[in-house]
Amino acid sequence: MPPTDAMKRIEGRLAPGSTIGIIGGGQLGRMLAIAAAGLGFRCHIYDPHEAPCAAEVAASFTRGAFDDAAAIAAFAAPCDVVTYEFENLPTGPLDALGDKLRPATRSLTVTQDRAAEKRFLDAAGVRIAPWAAVDDEASLTAAIDALGLPLLLKTRRFGYDGKGQAWVHTTKDAAVAWDAIGCRPAVAERGMDFAAEFSVIAARTKDGDVTAWPVSRNIHDAGILRRSEIPPGALIDAQCGEAVNVAAMLAERLGHVGVMTVEFFACAAGPVVNEIAPRVHNSGHWTIEGSMTSQFEQHIRAICGLPLRDTRLVAATVSMDNLIGGDLAQWDALIAEPDAHVHLYNKGEARPGRKMGHVTRVG
Ligand code: AMP
């Protein structure tokens with residue numbers, strides 16, 4: 001028998017059998033739904049595509065546009081809590097969900113606009129790359145004068161996996177870079193000289209409890225994450241205490257409920273925040289097998305008001321390699337490897353640059 005409303009929320013906890021709405025039906029939604037099912041929850045996916053990969057592992061699916069307020073309200077009505085798997089969502093239709101939405105829209109408004117995010121980070125007093133808002137070629141020229149070269153131009157909105165970015169190495173590159181990002185409102189960041197990249201993945205409950213996972217070193221190629229590995233090396237080890245404190249402080253200032261990721265550059269002066277993702281993250285996929293608790297289960301726990309679990313490693317070494325585009329051709333070899341955990345997202349066409357799956361090796 002499904003739980004009654006009274007049973008569903010016992011002291012703020014959502015009971016098994018309750019329904020979790022997930023806005024966005026990509027691989028992150030898919031892995032959230034798998035974790036939620038393990039805890040006895042039902043997931044309802046909302047996505048504009050016909051057959052998103054999260055829908056095939058969820059109890060129900062509604063196809064609808066992210067800006068369709070009426071459709072989102074109808075989708076959310078029977079859900080006991082609603083969450084999201086990516087940040088580029090119009091917030092208007094979500095504001096109406098009130099406390100049912102976890103994390104709340106503030107985590108979206110701050111992180112979906114790079115200029116708003118940088119103002120938030122500046123106000124929090126954390127180390128970030130020197131930056132300037134760029135709205136036209138004249139302000140790009142002013143940014144070059146103020147920040148020096150090289151600098152990286154990034155669109156304020158809708159950038160991911162290195163998309164919507166262009167380097168400016170000389171003043172002659174400025175017009176080409178401005179064109180390359182589609183002449184859209186942007187931020188210019190000083191090109192940082194970093195030794196390595198890493199991320200802190202943390203979960204926060206409504207009551208302010210925070211857990212973070214051990215930090216992984218992240219290796220990117222052309223703006224796309226290729227590999228995360230633990231241990232991250234001495235240089236990152238020396239910076240991760242400060243970085244974890246920064247991530248916990250940022251989660252607190254956002255009032256974030258759920259998992260949140262902060263990406264860092266390990267620079268000589270200390271950890272420099274690159275960006276915040278208000279969600280589970282590709283660099284945390286290793287937690288499924290490499291930690292006592294996966295980022296996906298912890299997110300479900302946090303949004304359902306359940307206690308957070310232990311985030312310790314289960315082995316001294318863990319690595320996660322993304323399977324991107326044509327990497328799927330390695331499947332024969334990977335599936336025969338006795339200690340490789342192969343995850344495929346069943347996203348259909350293996351286009352170049354598209355994340356199709358990942359492989360985790362523990363110990
Ligand atoms: P983002 O989309 O902001 O995460 O950027 C994608 C990748 O570009 C990062 O993981 C870095 O490898 C590189 N990158 C971003 N911002 C900078 C910067 N200010 N200086 C140097 N490299 C950067």
# chains A, B, ... in the order shown; residues from 1 in each chain; ligands from 1

call {"tool": "residues_around", "arguments": {"residues": "A:Ala74", "least_positions_apart": "5", "cutoff": "12 Å", "atoms": "only C-alpha atoms", "output": "PyMOL selection string"}}
result
chain A and resi 21+44+46+62-64+68-69+79+93-94+96-97

call {"tool": "write_last_selection", "arguments": {"atoms": "N, CA, C and O atoms", "output": "mmCIF file, in the first residue's frame"}}
result
data_model
loop_
_atom_site.group_PDB
_atom_site.id
_atom_site.type_symbol
_atom_site.label_atom_id
_atom_site.label_comp_id
_atom_site.auth_asym_id
_atom_site.auth_seq_id
_atom_site.Cartn_x
_atom_site.Cartn_y
_atom_site.Cartn_z
ATOM 1 N N GLY A 21 10.684 13.671 -8.037
ATOM 2 C CA GLY A 21 10.695 14.211 -9.396
ATOM 3 C C GLY A 21 12.109 14.657 -9.740
ATOM 4 O O GLY A 21 12.779 15.273 -8.911
ATOM 5 N N HIS A 44 10.258 10.107 -11.003
ATOM 6 C CA HIS A 44 9.470 10.610 -12.120
ATOM 7 C C HIS A 44 10.360 11.625 -12.840
ATOM 8 O O HIS A 44 10.754 12.631 -12.259
ATOM 9 N N TYR A 46 11.375 14.394 -15.762
ATOM 10 C CA TYR A 46 10.787 15.441 -16.627
ATOM 11 C C TYR A 46 11.876 15.919 -17.585
ATOM 12 O O TYR A 46 12.951 16.354 -17.148
ATOM 13 N N THR A 62 7.579 12.285 -17.821
ATOM 14 C CA THR A 62 6.748 13.287 -18.486
ATOM 15 C C THR A 62 7.622 14.039 -19.474
ATOM 16 O O THR A 62 8.702 14.521 -19.106
ATOM 17 N N ARG A 63 7.162 14.111 -20.725
ATOM 18 C CA ARG A 63 7.890 14.895 -21.709
ATOM 19 C C ARG A 63 7.349 16.313 -21.697
ATOM 20 O O ARG A 63 6.126 16.511 -21.857
ATOM 21 N N GLY A 64 8.219 17.287 -21.475
ATOM 22 C CA GLY A 64 7.760 18.664 -21.453
ATOM 23 C C GLY A 64 8.930 19.621 -21.538
ATOM 24 O O GLY A 64 10.078 19.252 -21.250
ATOM 25 N N ASP A 68 7.898 25.423 -19.615
ATOM 26 C CA ASP A 68 6.437 25.251 -19.600
ATOM 27 C C ASP A 68 5.957 25.164 -18.138
ATOM 28 O O ASP A 68 5.955 24.089 -17.525
ATOM 29 N N ALA A 69 5.581 26.317 -17.604
ATOM 30 C CA ALA A 69 5.245 26.388 -16.167
ATOM 31 C C ALA A 69 4.080 25.470 -15.816
ATOM 32 O O ALA A 69 4.101 24.799 -14.763
ATOM 33 N N CYS A 79 4.528 14.640 -7.001
ATOM 34 C CA CYS A 79 5.861 14.309 -6.468
ATOM 35 C C CYS A 79 5.959 14.781 -5.015
ATOM 36 O O CYS A 79 5.382 15.808 -4.644
ATOM 37 N N PRO A 93 9.348 28.831 -13.620
ATOM 38 C CA PRO A 93 8.413 27.734 -13.318
ATOM 39 C C PRO A 93 8.790 26.971 -12.041
ATOM 40 O O PRO A 93 7.933 26.340 -11.430
ATOM 41 N N LEU A 94 10.059 27.041 -11.648
ATOM 42 C CA LEU A 94 10.512 26.272 -10.476
ATOM 43 C C LEU A 94 10.254 27.022 -9.174
ATOM 44 O O LEU A 94 10.081 26.400 -8.116
ATOM 45 N N ALA A 96 7.692 28.402 -8.240
ATOM 46 C CA ALA A 96 6.364 28.068 -7.726
ATOM 47 C C ALA A 96 6.371 26.788 -6.886
ATOM 48 O O ALA A 96 5.413 26.524 -6.148
ATOM 49 N N LEU A 97 7.431 25.991 -6.973
ATOM 50 C CA LEU A 97 7.446 24.710 -6.243
ATOM 51 C C LEU A 97 7.800 24.876 -4.769
ATOM 52 O O LEU A 97 7.633 23.939 -3.984
#

call {"tool": "closest_atom_pairs", "arguments": {"of": "chain A", "to": "ligand 1", "cutoff": "8 Å", "atoms": "only C-alpha atoms and all ligand atoms", "output": "CSV"}}
result
residue,atom,partner,partner_atom_place_in_ligand_line,distance
A:Ala129,CA,ligand 1,19 (N),5.7
A:Leu151,CA,ligand 1,19 (N),6.8
A:Leu152,CA,ligand 1,19 (N),5.9
A:Lys154,CA,ligand 1,3 (O),7.4
A:Gly159,CA,ligand 1,2 (O),6.5
A:Tyr160,CA,ligand 1,2 (O),5.3
A:Asp161,CA,ligand 1,2 (O),5.5
A:Gly162,CA,ligand 1,6 (C),4.6
A:Lys163,CA,ligand 1,2 (O),7.1
A:Gln165,CA,ligand 1,2 (O),7.6
A:Glu189,CA,ligand 1,19 (N),4.9
A:Arg190,CA,ligand 1,19 (N),5.2
A:Gly191,CA,ligand 1,20 (N),3.5
A:Met192,CA,ligand 1,20 (N),3.8
A:Asp193,CA,ligand 1,21 (C),6.5
A:Phe194,CA,ligand 1,21 (C),7.3
A:Glu197,CA,ligand 1,10 (O),7.0
A:Ile219,CA,ligand 1,12 (O),7.9
A:His220,CA,ligand 1,12 (O),5.8
A:Asp221,CA,ligand 1,12 (O),7.5
A:Ala222,CA,ligand 1,7 (C),7.3
A:Gly223,CA,ligand 1,7 (C),4.2
A:Ile224,CA,ligand 1,6 (C),6.8
A:Leu225,CA,ligand 1,10 (O),7.3
A:Glu263,CA,ligand 1,4 (O),7.3
A:Phe265,CA,ligand 1,11 (C),7.9
A:Asn274,CA,ligand 1,3 (O),6.0
A:Glu275,CA,ligand 1,3 (O),6.1

call {"tool": "select_by_dssp", "arguments": {"residues": "stretch 39-195 of chain A", "states": "strand (DSSP E)", "output": "number ranges by chain"}}
result
A: 42-47, 60-63, 81-84, 131-134, 151-155, 165-168, 186-190

call {"tool": "residues_around", "arguments": {"residues": "A:His49", "least_positions_apart": "6", "cutoff": "12 Å", "atoms": "only C-alpha atoms", "output": "list in words"}}
result
Ile23, Gly24, Gly25, Gly26, Ala55, Phe61, Thr62, Arg63, Gly64, Ala65, Phe66 and Lys347 of chain A

call {"tool": "write_last_selection", "arguments": {"atoms": "N, CA and C atoms", "output": "PDB file, in the first residue's frame"}}
result
ATOM      1  N   ILE A  23      14.144  16.780 -12.659  1.00  0.00           N
ATOM      2  CA  ILE A  23      14.059  17.586 -13.877  1.00  0.00           C
ATOM      3  C   ILE A  23      15.379  17.439 -14.625  1.00  0.00           C
ATOM      4  N   GLY A  24      15.291  16.915 -15.841  1.00  0.00           N
ATOM      5  CA  GLY A  24      16.469  16.583 -16.639  1.00  0.00           C
ATOM      6  C   GLY A  24      16.625  15.080 -16.681  1.00  0.00           C
ATOM      7  N   GLY A  25      16.747  14.541 -17.890  1.00  0.00           N
ATOM      8  CA  GLY A  25      16.747  13.076 -18.039  1.00  0.00           C
ATOM      9  C   GLY A  25      18.028  12.512 -18.616  1.00  0.00           C
ATOM     10  N   GLY A  26      19.159  13.182 -18.374  1.00  0.00           N
ATOM     11  CA  GLY A  26      20.447  12.693 -18.877  1.00  0.00           C
ATOM     12  C   GLY A  26      21.058  11.651 -17.955  1.00  0.00           C
ATOM     13  N   ALA A  55      14.828   8.044 -18.286  1.00  0.00           N
ATOM     14  CA  ALA A  55      13.432   7.582 -18.217  1.00  0.00           C
ATOM     15  C   ALA A  55      13.349   6.062 -18.199  1.00  0.00           C
ATOM     16  N   PHE A  61       7.687   9.016 -16.547  1.00  0.00           N
ATOM     17  CA  PHE A  61       8.354  10.045 -17.357  1.00  0.00           C
ATOM     18  C   PHE A  61       7.312  10.990 -17.930  1.00  0.00           C
ATOM     19  N   THR A  62       7.579  12.285 -17.821  1.00  0.00           N
ATOM     20  CA  THR A  62       6.748  13.287 -18.486  1.00  0.00           C
ATOM     21  C   THR A  62       7.622  14.039 -19.474  1.00  0.00           C
ATOM     22  N   ARG A  63       7.162  14.111 -20.725  1.00  0.00           N
ATOM     23  CA  ARG A  63       7.890  14.895 -21.709  1.00  0.00           C
ATOM     24  C   ARG A  63       7.349  16.313 -21.697  1.00  0.00           C
ATOM     25  N   GLY A  64       8.219  17.287 -21.475  1.00  0.00           N
ATOM     26  CA  GLY A  64       7.760  18.664 -21.453  1.00  0.00           C
ATOM     27  C   GLY A  64       8.930  19.621 -21.538  1.00  0.00           C
ATOM     28  N   ALA A  65       8.632  20.846 -21.940  1.00  0.00           N
ATOM     29  CA  ALA A  65       9.682  21.864 -22.075  1.00  0.00           C
ATOM     30  C   ALA A  65      10.039  22.417 -20.698  1.00  0.00           C
ATOM     31  N   PHE A  66      11.296  22.836 -20.566  1.00  0.00           N
ATOM     32  CA  PHE A  66      11.757  23.356 -19.274  1.00  0.00           C
ATOM     33  C   PHE A  66      11.134  24.711 -18.936  1.00  0.00           C
ATOM     34  N   LYS A 347      22.671   6.373 -24.456  1.00  0.00           N
ATOM     35  CA  LYS A 347      22.204   7.664 -24.980  1.00  0.00           C
ATOM     36  C   LYS A 347      22.001   7.661 -26.489  1.00  0.00           C
TER      37      LYS A 347
END

call {"tool": "closest_residue", "arguments": {"among": "A:Glu297, A:Asp207, A:Glu349, A:Glu56", "to": "A:Leu328", "atoms": "only C-alpha atoms"}}
result
A:Glu349

call {"tool": "closest_residue", "arguments": {"among": "A:Gly357, A:Pro338, A:Gly348, A:Gly326", "to": "A:Pro52", "atoms": "only C-alpha atoms"}}
result
A:Gly348

call {"tool": "closest_residue", "arguments": {"among": "A:Val314, A:Ile22, A:Ile300, A:Ile276", "to": "A:Ala36", "atoms": "only C-alpha atoms"}}
result
A:Ile300

call {"tool": "residues_around", "arguments": {"residues": "A:Leu28", "least_positions_apart": "2", "cutoff": "10 Å", "atoms": "only C-alpha atoms", "output": "MDAnalysis selection string"}}
result
chainID A and resid 22 24:26 30:34 53:54 84:86 279:282 285 296 345

call {"tool": "write_last_selection", "arguments": {"atoms": "N, CA and C atoms", "output": "PDB file, in the first residue's frame"}}
result
ATOM      1  N   ILE A  22      12.573  14.321 -10.932  1.00  0.00           N
ATOM      2  CA  ILE A  22      13.914  14.745 -11.367  1.00  0.00           C
ATOM      3  C   ILE A  22      13.761  15.511 -12.678  1.00  0.00           C
ATOM      4  N   GLY A  24      15.291  16.915 -15.841  1.00  0.00           N
ATOM      5  CA  GLY A  24      16.469  16.583 -16.639  1.00  0.00           C
ATOM      6  C   GLY A  24      16.625  15.080 -16.681  1.00  0.00           C
ATOM      7  N   GLY A  25      16.747  14.541 -17.890  1.00  0.00           N
ATOM      8  CA  GLY A  25      16.747  13.076 -18.039  1.00  0.00           C
ATOM      9  C   GLY A  25      18.028  12.512 -18.616  1.00  0.00           C
ATOM     10  N   GLY A  26      19.159  13.182 -18.374  1.00  0.00           N
ATOM     11  CA  GLY A  26      20.447  12.693 -18.877  1.00  0.00           C
ATOM     12  C   GLY A  26      21.058  11.651 -17.955  1.00  0.00           C
ATOM     13  N   ARG A  30      19.748   9.637 -14.639  1.00  0.00           N
ATOM     14  CA  ARG A  30      19.694   8.168 -14.694  1.00  0.00           C
ATOM     15  C   ARG A  30      20.345   7.553 -13.443  1.00  0.00           C
ATOM     16  N   MET A  31      21.539   8.054 -13.103  1.00  0.00           N
ATOM     17  CA  MET A  31      22.237   7.474 -11.950  1.00  0.00           C
ATOM     18  C   MET A  31      21.572   7.881 -10.634  1.00  0.00           C
ATOM     19  N   LEU A  32      20.944   9.065 -10.608  1.00  0.00           N
ATOM     20  CA  LEU A  32      20.155   9.439  -9.414  1.00  0.00           C
ATOM     21  C   LEU A  32      18.965   8.498  -9.256  1.00  0.00           C
ATOM     22  N   ALA A  33      18.298   8.188 -10.377  1.00  0.00           N
ATOM     23  CA  ALA A  33      17.103   7.327 -10.307  1.00  0.00           C
ATOM     24  C   ALA A  33      17.469   5.920  -9.866  1.00  0.00           C
ATOM     25  N   ILE A  34      18.624   5.428 -10.331  1.00  0.00           N
ATOM     26  CA  ILE A  34      19.072   4.087  -9.930  1.00  0.00           C
ATOM     27  C   ILE A  34      19.329   4.069  -8.416  1.00  0.00           C
ATOM     28  N   CYS A  53      17.665   9.151 -21.432  1.00  0.00           N
ATOM     29  CA  CYS A  53      18.228   7.901 -20.906  1.00  0.00           C
ATOM     30  C   CYS A  53      17.853   7.658 -19.449  1.00  0.00           C
ATOM     31  N   ALA A  54      17.456   8.685 -18.703  1.00  0.00           N
ATOM     32  CA  ALA A  54      17.028   8.455 -17.310  1.00  0.00           C
ATOM     33  C   ALA A  54      15.650   7.809 -17.256  1.00  0.00           C
ATOM     34  N   TYR A  84      16.821  18.559  -9.515  1.00  0.00           N
ATOM     35  CA  TYR A  84      17.223  18.756 -10.919  1.00  0.00           C
ATOM     36  C   TYR A  84      18.624  18.223 -11.111  1.00  0.00           C
ATOM     37  N   GLU A  85      18.915  17.858 -12.363  1.00  0.00           N
ATOM     38  CA  GLU A  85      20.229  17.263 -12.652  1.00  0.00           C
ATOM     39  C   GLU A  85      21.099  18.202 -13.468  1.00  0.00           C
ATOM     40  N   PHE A  86      20.611  19.364 -13.843  1.00  0.00           N
ATOM     41  CA  PHE A  86      21.506  20.335 -14.486  1.00  0.00           C
ATOM     42  C   PHE A  86      21.011  21.755 -14.238  1.00  0.00           C
ATOM     43  N   ARG A 279      24.971  20.424  -8.226  1.00  0.00           N
ATOM     44  CA  ARG A 279      24.442  19.086  -8.535  1.00  0.00           C
ATOM     45  C   ARG A 279      25.542  18.046  -8.421  1.00  0.00           C
ATOM     46  N   VAL A 280      25.104  16.782  -8.566  1.00  0.00           N
ATOM     47  CA  VAL A 280      26.078  15.696  -8.720  1.00  0.00           C
ATOM     48  C   VAL A 280      26.913  15.997  -9.964  1.00  0.00           C
ATOM     49  N   HIS A 281      28.107  15.381 -10.033  1.00  0.00           N
ATOM     50  CA  HIS A 281      29.072  15.833 -11.043  1.00  0.00           C
ATOM     51  C   HIS A 281      29.833  14.656 -11.634  1.00  0.00           C
ATOM     52  N   ASN A 282      30.217  14.820 -12.884  1.00  0.00           N
ATOM     53  CA  ASN A 282      30.987  13.778 -13.576  1.00  0.00           C
ATOM     54  C   ASN A 282      32.228  13.368 -12.775  1.00  0.00           C
ATOM     55  N   HIS A 285      31.645  10.432 -10.267  1.00  0.00           N
ATOM     56  CA  HIS A 285      31.095   9.113 -10.639  1.00  0.00           C
ATOM     57  C   HIS A 285      31.851   7.971  -9.960  1.00  0.00           C
ATOM     58  N   PHE A 296      25.271   9.953  -5.699  1.00  0.00           N
ATOM     59  CA  PHE A 296      23.861   9.878  -6.102  1.00  0.00           C
ATOM     60  C   PHE A 296      22.987   9.513  -4.900  1.00  0.00           C
ATOM     61  N   TYR A 345      25.385   4.687 -20.597  1.00  0.00           N
ATOM     62  CA  TYR A 345      24.195   5.519 -20.361  1.00  0.00           C
ATOM     63  C   TYR A 345      23.087   5.272 -21.377  1.00  0.00           C
TER      64      TYR A 345
END
